[in-house]
Amino acid sequence: MAEDFEEAIREYLRKSEEFRLALEVRLPPQEPSGDAHDPQESVWDSSETKRFLAVVTHLDTTTGDEQGCIFVFNLRSKRSNAAPNTYLLEHVFPILGHFSISMAQPRRSTINLSSPPDLSKIQPRTEIALTVNPGHDLHNDSPLSLLTRDTVQLRAVLKECKRLRELSIANNPDVLPPYLWVLAYTHSEEPAILSPVPSDLRQLQQQPHEHLSAASAGQPGDDIFDISLLREEWIKQKVHDLHASARNKIRLGTFNVNGKLPSQDLSPWVRGRVDQKPSIPSLKNVSPLSMGEVVKSSGEYFNDAPGEKTDRASTASSVTAFSTSSATTTASTATLQTSGTTTQVDDTNSGKPENSTSASDTSAPPSYLSDDRRPAIPDPDILVLAFQELDLSTEALLYSTKTTREEAWCAAALAGLGEKAVQYEKLASKQLVGMLLVLVVRKPLKSCFGDVKATSVGAGILGLMGNKGGTAIRLTFTPPATPDAPVPQPIILTFVNAHLAAFDEMFERRNADFQDLSKRLQFDSGIPVQDSPTEEDGYPLVTVPLSVYQTDALFWLGDLNYRINLSDADVRVLLAEASEPQGLRALLNYDQLGLAIRTKKAFANFVEAAIHHPPHNHTVTRSLEFTNVGKIPCAYRFVAISIGAPVHPEWLHIEPLTGLLLPGEKKTVSLTAVLDNSVVGRLNSGVARLDDTLILHTLLGKDHFVSITAQYKRTCFATSLNRLVRLTGPVRSADKMKLLPEEQALNAPREIMRLVNWLMSNATDIPGLFLLPGDQELVAEIRECLDTGAEFGPHAEEDGPRMAVAFATCLLEFLDTLPESVIPLNLHARCAQATDREQAFQLLDELPGASVNVWISVTAFLHFISQQAHSASDSPTSDAGQLARVFASVLLRDDLTTSTPVSPVGKRKFVGYFVG
């Protein structure tokens, strides 16, 4: 019977829950037995009293917390051999707070869960009385009495329950989590679509298909559950489309004041500068249920001149973060929101208070406008200012409640608005010792804001002192009604001001501070937990806590203290070159915030705004059009051929993967071939023709099969050196040719030798070689010749410098796309530590043969052209230092996944021993 129950509960639970173990129990008799030592056998013989106690766990994907519950099932036995047993869920007990299971034997004292009993002394057939004590009013459950004889399994249940309770206390020491996942089992009615509480933004970043049941061809999964989910997503999108008109201009600023009172003009900071780069686009298309796309331009919602519009650039990214992290400033601003709008924060400190980031503005002009064409920055609707280290006194660390410094800085900020200060009014503020968050709004809009909530937590000494931590403000903005939106949809905005751990070596502590603040910063929703008791004034004793992520848009700013992960000497060298594309790229590669995002240690749901030009798009897109020819709504999803297999090949992107169509409605699905270096590397060694079948499953219907065919042209780019030297010819002619034996391999790839030989013959005196970007059309022509083995066109020698720069760019791109850099990663540290030419040359002995020959070929050419520059002061060619800087980034490519990077300056010195 236990095995039958375990199989049934595994099928009953959703994929987000896990069954741990079960215990067979009985309900106690209603009338006590006359002899306490003689348990009533009828209790154990009757199926009416049989119950199963199951321990079920749930992993919260947004916080990583494991939560546990006790489920108690009632057995409804089968009436025939053909009818299965039925198990009905009667009780759910979340394992948290003061939850306990107490035990007793007749005429024995109660044993509490907090002190594990010695069950080894209990006889195998001894009856044990259990009492499950909820210890809280989360679901208004009363204690439940049960009986059991299985002491072995009881011991395992007690151990697991104790572990889950201690884990709950450690994760949520001050509040009772809502355990919303339990509602799927305890409530039969469908959840309200228009909930007063927005969904967690971290969950909204996940695509709908990630939440669907496991399915594959011939195994449709839980179609009823999937239809419910897709229908809800469809309704959310329709609500978004109806209420996607609210717009705000928000200006953000963060300033570590170092314990000082204001003593300078703050107008460049709070009013913005005309020469600012684009910053925060308007909060367009935001609704509690939306994940809409970005429009290419957006107008301001409120303006003194009716109908006036301000166009501004935006990029198609749904979540954005930006960090300013350098040797002199660590203030940062990041944004997470549902609408598909983006945030780009200018980190220029010119003309602003020391150690402050410039106030970011929703209405800055497009970056492609020259300075003399940029219009004046429109006034913001909301001005959000975050201060850190407002008070560094010892008294302040004891949670001083003085507001003198807050008043001084608020007055200085309003004064910085100049003659327009009379148009603004402070709406809310929240201070925690040295951290102050202030919201200032335009007076005509004050009535549009409501439901203002504030919170703060410390993250400093012992996690209690206020020297580090965060403050947060949450509010609702309801735009005025318009003819297009007579019932405007309210928008919930949340702002966090954080001050994370300092010092270069505290990278992991900063990440931990972020995770801690993400969990502990909570607002009182005022929404009572179901059936929870209330105080005399009617206010509920237990309310649903609101995370800072349960909002439409989250703005996270402050002194995050992330640094450039390099030594001071390296930073100074790279800063001197930051105006050049290579220097800026090298500097950003070592940004600790970028590392935290890539490794998902912090700000995992944030994406840093692009700072350089986007890569070229070689993508190919085709589309499918679906039409619902039936008379009822139809939901669909793409499924895999088998459970666990990918839904589509790695080179293909499908958008969207799920959907719902009304009768007669059409839907277009895009199929895009997306190739990065890793995918290209695998395709280069596989089949050239890519045939696959997509499986489109209509929920509660049949599967449809979509055949796709793609022709892939192999390329020498993103192909390993070991494979290139074993090819018998150009990569395009190697479809049916076997690789050469290793002992017959070439000394170096023919493609690199062709590029170096051409440059040696035609480009030794070309100015800007390897320093200027080449024409991409010419680079594409050169690549095609390398892949096919064709001769370079006759105009290659005739086009002079333009063609030479294209060849140089092609060589750099070739080296940069190699699966592994020419110098393997395990040798980078030793290369950077080489102190002279002799040590550098000795390290070449440890390189693979192909790598050695490539290194010698490339650096010999670089040495030749650098010697020309050295021998003639008026030579236009590049010098050794410039060449070493450029080629170090491709010959010793950075590992962007490590928190202990190798010095880029040391790498340059190593390359310089061969070039100079």
# chains A, B, ... in the order shown; residues from 1 in each chain; ligands from 1
>>> select_by_dssp(residues="segment 707-843 of chain A", states="alpha helix (DSSP H)", output="PyMOL selection string")
chain A and resi 721-724+750-762+776-788+795-798+801-816+828-832+837-843
>>> residues_around(residues="Ser857 of chain A", least_positions_apart="5", cutoff="9 Å", atoms="only C-alpha atoms", output="compact mmCIF listing (two decimals) with C-alpha atoms, in the first residue's frame")
# COMPACT_ATOMS: atom_id res chain seq x y z
CA ALA A 748 50.16 26.16 -38.93
CA ILE A 752 46.55 32.42 -40.91
CA MET A 753 49.56 32.05 -43.17
CA VAL A 756 50.10 37.13 -42.69
CA VAL A 852 53.81 27.94 -31.38
CA LEU A 862 54.30 42.62 -35.78
>>> atom_distance(atom1="atom CA of Leu690 of chain A", atom2="atom CA of Pro646 of chain A")
15.4 Å
>>> residues_around(residues="Phe52 of chain A", least_positions_apart="6", cutoff="9 Å", atoms="only C-alpha atoms", output="PyMOL selection string")
chain A and resi 2+5+22-26+71-75+87
>>> write_last_selection(atoms="N, CA and C atoms", output="compact mmCIF listing (two decimals), in the first residue's frame")
# COMPACT_ATOMS: atom_id res chain seq x y z
N ALA A 2 1.99 1.27 0.74
CA ALA A 2 2.87 2.44 0.79
C ALA A 2 3.42 2.75 -0.59
N PHE A 5 0.81 4.41 -2.64
CA PHE A 5 0.63 5.81 -2.26
C PHE A 5 1.76 6.68 -2.81
N ALA A 22 6.99 9.31 3.34
CA ALA A 22 5.63 9.21 3.85
C ALA A 22 5.59 8.31 5.08
N LEU A 23 4.56 8.48 5.87
CA LEU A 23 4.34 7.68 7.08
C LEU A 23 2.88 7.27 7.12
N GLU A 24 2.64 5.95 7.27
CA GLU A 24 1.26 5.48 7.40
C GLU A 24 0.78 5.71 8.82
N VAL A 25 -0.39 6.35 8.96
CA VAL A 25 -0.91 6.69 10.28
C VAL A 25 -2.39 6.32 10.34
N ARG A 26 -2.94 6.46 11.54
CA ARG A 26 -4.37 6.22 11.77
C ARG A 26 -4.94 7.37 12.59
N PHE A 71 1.70 17.08 4.27
CA PHE A 71 0.42 16.82 3.64
C PHE A 71 -0.17 15.56 4.28
N VAL A 72 -1.42 15.63 4.67
CA VAL A 72 -2.10 14.47 5.23
C VAL A 72 -3.22 14.07 4.28
N PHE A 73 -3.15 12.81 3.79
CA PHE A 73 -4.10 12.31 2.81
C PHE A 73 -5.03 11.28 3.43
N ASN A 74 -6.28 11.32 2.99
CA ASN A 74 -7.29 10.35 3.38
C ASN A 74 -7.41 9.31 2.27
N LEU A 75 -7.39 8.06 2.63
CA LEU A 75 -7.48 6.98 1.64
C LEU A 75 -8.93 6.62 1.39
N TYR A 87 -6.83 9.17 -3.16
CA TYR A 87 -6.27 9.83 -1.99
C TYR A 87 -6.71 11.29 -2.00
>>> select_by_dssp(residues="segment 448-572 of chain A", states="strand (DSSP E)", output="number ranges by chain")
A: 449-458, 469-477, 491-499, 522-528, 543-547, 553-559
>>> write_last_selection(atoms="N, CA and C atoms", output="short mmCIF file (atom, residue, chain, number, x, y, z; two decimals), in the first residue's frame")
data_model
loop_
_atom_site.label_atom_id
_atom_site.label_comp_id
_atom_site.auth_asym_id
_atom_site.auth_seq_id
_atom_site.Cartn_x
_atom_site.Cartn_y
_atom_site.Cartn_z
N PHE A 449 -0.13 59.93 -6.87
CA PHE A 449 0.65 58.96 -6.13
C PHE A 449 -0.07 58.58 -4.84
N GLY A 450 -0.02 57.32 -4.51
CA GLY A 450 -0.67 56.84 -3.30
C GLY A 450 -0.07 55.54 -2.82
N ASP A 451 -0.63 55.06 -1.70
CA ASP A 451 -0.20 53.79 -1.10
C ASP A 451 1.32 53.74 -0.93
N VAL A 452 1.86 54.79 -0.32
CA VAL A 452 3.31 54.89 -0.13
C VAL A 452 3.72 54.03 1.06
N LYS A 453 4.70 53.16 0.83
CA LYS A 453 5.23 52.30 1.88
C LYS A 453 6.74 52.43 1.91
N ALA A 454 7.33 52.29 3.07
CA ALA A 454 8.78 52.40 3.21
C ALA A 454 9.29 51.32 4.14
N THR A 455 10.53 50.91 3.94
CA THR A 455 11.15 49.89 4.78
C THR A 455 12.66 50.05 4.74
N SER A 456 13.34 49.42 5.66
CA SER A 456 14.80 49.48 5.69
C SER A 456 15.32 48.30 6.50
N VAL A 457 16.52 47.86 6.16
CA VAL A 457 17.21 46.81 6.93
C VAL A 457 18.69 47.13 6.94
N GLY A 458 19.35 46.75 8.01
CA GLY A 458 20.79 46.94 8.11
C GLY A 458 21.53 45.71 7.63
N GLY A 469 23.52 48.61 4.36
CA GLY A 469 22.17 48.06 4.30
C GLY A 469 21.39 48.66 3.16
N GLY A 470 20.09 48.84 3.37
CA GLY A 470 19.26 49.36 2.30
C GLY A 470 17.99 49.99 2.83
N THR A 471 17.52 51.00 2.12
CA THR A 471 16.21 51.60 2.36
C THR A 471 15.41 51.47 1.07
N ALA A 472 14.10 51.38 1.21
CA ALA A 472 13.26 51.18 0.03
C ALA A 472 11.94 51.91 0.20
N ILE A 473 11.42 52.41 -0.89
CA ILE A 473 10.11 53.07 -0.93
C ILE A 473 9.31 52.46 -2.07
N ARG A 474 8.06 52.18 -1.78
CA ARG A 474 7.14 51.59 -2.76
C ARG A 474 5.92 52.48 -2.85
N LEU A 475 5.45 52.79 -4.05
CA LEU A 475 4.29 53.64 -4.21
C LEU A 475 3.54 53.29 -5.49
N THR A 476 2.31 53.73 -5.55
CA THR A 476 1.47 53.48 -6.71
C THR A 476 1.21 54.79 -7.44
N PHE A 477 1.39 54.77 -8.74
CA PHE A 477 1.11 55.93 -9.58
C PHE A 477 -0.07 55.61 -10.49
N ILE A 491 0.30 51.97 -11.73
CA ILE A 491 1.65 51.42 -11.87
C ILE A 491 2.30 51.42 -10.50
N ILE A 492 2.91 50.33 -10.13
CA ILE A 492 3.61 50.24 -8.85
C ILE A 492 5.10 50.40 -9.11
N LEU A 493 5.70 51.38 -8.45
CA LEU A 493 7.12 51.66 -8.58
C LEU A 493 7.81 51.41 -7.25
N THR A 494 9.00 50.82 -7.30
CA THR A 494 9.78 50.56 -6.11
C THR A 494 11.20 51.04 -6.32
N PHE A 495 11.72 51.73 -5.31
CA PHE A 495 13.07 52.27 -5.36
C PHE A 495 13.85 51.75 -4.16
N VAL A 496 15.07 51.30 -4.41
CA VAL A 496 15.94 50.78 -3.35
C VAL A 496 17.24 51.57 -3.36
N ASN A 497 17.63 52.06 -2.20
CA ASN A 497 18.93 52.70 -2.01
C ASN A 497 19.76 51.77 -1.14
N ALA A 498 20.87 51.26 -1.69
CA ALA A 498 21.67 50.26 -0.98
C ALA A 498 23.10 50.73 -0.84
N HIS A 499 23.71 50.34 0.26
CA HIS A 499 25.13 50.57 0.49
C HIS A 499 25.74 49.22 0.86
N GLN A 522 11.26 44.00 2.82
CA GLN A 522 9.86 43.64 2.60
C GLN A 522 8.97 44.76 3.11
N PHE A 523 7.82 44.91 2.46
CA PHE A 523 6.83 45.90 2.85
C PHE A 523 5.63 45.20 3.48
N ASP A 524 4.94 45.94 4.36
CA ASP A 524 3.70 45.44 4.94
C ASP A 524 2.57 45.73 3.96
N SER A 525 2.00 44.68 3.39
CA SER A 525 0.96 44.86 2.38
C SER A 525 -0.37 45.29 2.99
N GLY A 526 -0.58 44.96 4.26
CA GLY A 526 -1.88 45.20 4.86
C GLY A 526 -2.91 44.16 4.49
N ILE A 527 -2.53 43.23 3.61
CA ILE A 527 -3.45 42.16 3.19
C ILE A 527 -3.34 41.01 4.19
N PRO A 528 -4.38 40.68 4.90
CA PRO A 528 -4.27 39.64 5.92
C PRO A 528 -4.08 38.26 5.30
N THR A 543 0.11 39.59 8.10
CA THR A 543 -0.19 40.07 6.76
C THR A 543 0.78 39.47 5.75
N VAL A 544 0.38 39.52 4.50
CA VAL A 544 1.23 39.01 3.43
C VAL A 544 2.37 40.00 3.20
N PRO A 545 3.63 39.58 3.36
CA PRO A 545 4.74 40.50 3.10
C PRO A 545 4.95 40.69 1.61
N LEU A 546 5.37 41.89 1.23
CA LEU A 546 5.63 42.20 -0.16
C LEU A 546 7.12 42.34 -0.38
N SER A 547 7.65 41.58 -1.31
CA SER A 547 9.06 41.70 -1.67
C SER A 547 9.26 42.95 -2.52
N ALA A 553 8.06 48.09 -11.66
CA ALA A 553 9.41 48.54 -12.02
C ALA A 553 10.20 48.73 -10.73
N LEU A 554 11.38 48.15 -10.70
CA LEU A 554 12.26 48.24 -9.54
C LEU A 554 13.52 49.00 -9.94
N PHE A 555 13.81 50.07 -9.21
CA PHE A 555 15.02 50.85 -9.45
C PHE A 555 15.94 50.65 -8.24
N TRP A 556 17.09 50.06 -8.50
CA TRP A 556 18.04 49.75 -7.43
C TRP A 556 19.27 50.64 -7.64
N LEU A 557 19.51 51.54 -6.71
CA LEU A 557 20.61 52.47 -6.86
C LEU A 557 21.33 52.61 -5.52
N GLY A 558 22.48 53.27 -5.55
CA GLY A 558 23.22 53.49 -4.32
C GLY A 558 24.70 53.27 -4.51
N ASP A 559 25.39 53.16 -3.41
CA ASP A 559 26.83 52.90 -3.42
C ASP A 559 27.02 51.39 -3.31
#
>>> residues_around(residues="Leu896 of chain A", least_positions_apart="4", cutoff="8 Å", atoms="only C-alpha atoms", output="compact mmCIF listing (two decimals) with N, CA and C atoms, in the first residue's frame")
# COMPACT_ATOMS: atom_id res chain seq x y z
N ASN A 589 35.67 44.66 -19.15
CA ASN A 589 35.79 43.22 -18.95
C ASN A 589 36.05 42.86 -17.50
N TYR A 590 36.60 43.80 -16.73
CA TYR A 590 36.98 43.52 -15.35
C TYR A 590 36.03 44.17 -14.35
N LEU A 595 30.82 40.79 -13.68
CA LEU A 595 31.17 39.43 -13.28
C LEU A 595 30.07 38.82 -12.43
N PRO A 901 41.24 37.62 -12.15
CA PRO A 901 41.75 37.74 -13.52
C PRO A 901 43.25 37.98 -13.53
>>> closest_residue(among="A:Val573, A:Val905, A:Val548, A:Cys448", to="Arg202 of chain A", atoms="only C-alpha atoms")
A:Val548
>>> residues_around(residues="Gly135 of chain A", least_positions_apart="2", cutoff="10 Å", atoms="only C-alpha atoms", output="PyMOL selection string")
chain A and resi 93-101+132-133+137-138+141-143
>>> residues_around(residues="Phe387 of chain A", least_positions_apart="3", cutoff="8 Å", atoms="only C-alpha atoms", output="VMD selection string")
chain A and resid 254 to 257 390 434 to 437 497 558
>>> write_last_selection(atoms="N, CA and C atoms", output="tab-separated table (two decimals), in the first residue's frame")
chain	number	residue	atom	x	y	z
A	254	THR	N	22.51	59.25	-7.27
A	254	THR	CA	23.04	58.63	-6.06
A	254	THR	C	24.34	59.33	-5.68
A	255	PHE	N	24.55	59.55	-4.38
A	255	PHE	CA	25.64	60.42	-3.92
A	255	PHE	C	26.12	59.94	-2.55
A	256	ASN	N	27.37	59.49	-2.47
A	256	ASN	CA	28.00	59.20	-1.19
A	256	ASN	C	28.62	60.49	-0.68
A	257	VAL	N	28.03	61.08	0.38
A	257	VAL	CA	28.42	62.42	0.82
A	257	VAL	C	29.53	62.40	1.86
A	390	LEU	N	25.50	59.55	5.13
A	390	LEU	CA	24.97	60.86	5.50
A	390	LEU	C	25.51	61.31	6.85
A	434	GLY	N	23.03	56.32	7.84
A	434	GLY	CA	23.69	57.09	6.79
A	434	GLY	C	23.03	56.99	5.44
A	435	MET	N	22.01	56.15	5.30
A	435	MET	CA	21.35	55.98	4.00
A	435	MET	C	20.03	56.75	4.00
A	436	LEU	N	19.84	57.54	2.97
A	436	LEU	CA	18.63	58.33	2.84
A	436	LEU	C	18.12	58.22	1.41
A	437	LEU	N	16.85	57.92	1.28
A	437	LEU	CA	16.18	57.84	-0.02
A	437	LEU	C	15.06	58.86	-0.03
A	497	ASN	N	17.63	52.06	-2.20
A	497	ASN	CA	18.93	52.70	-2.01
A	497	ASN	C	19.76	51.77	-1.14
A	558	GLY	N	22.48	53.27	-5.55
A	558	GLY	CA	23.22	53.49	-4.32
A	558	GLY	C	24.70	53.27	-4.51
>>> closest_residue(among="A:Thr668, A:Thr658, A:Thr404, A:Ser267", to="Thr627 of chain A", atoms="only C-alpha atoms")
A:Thr668
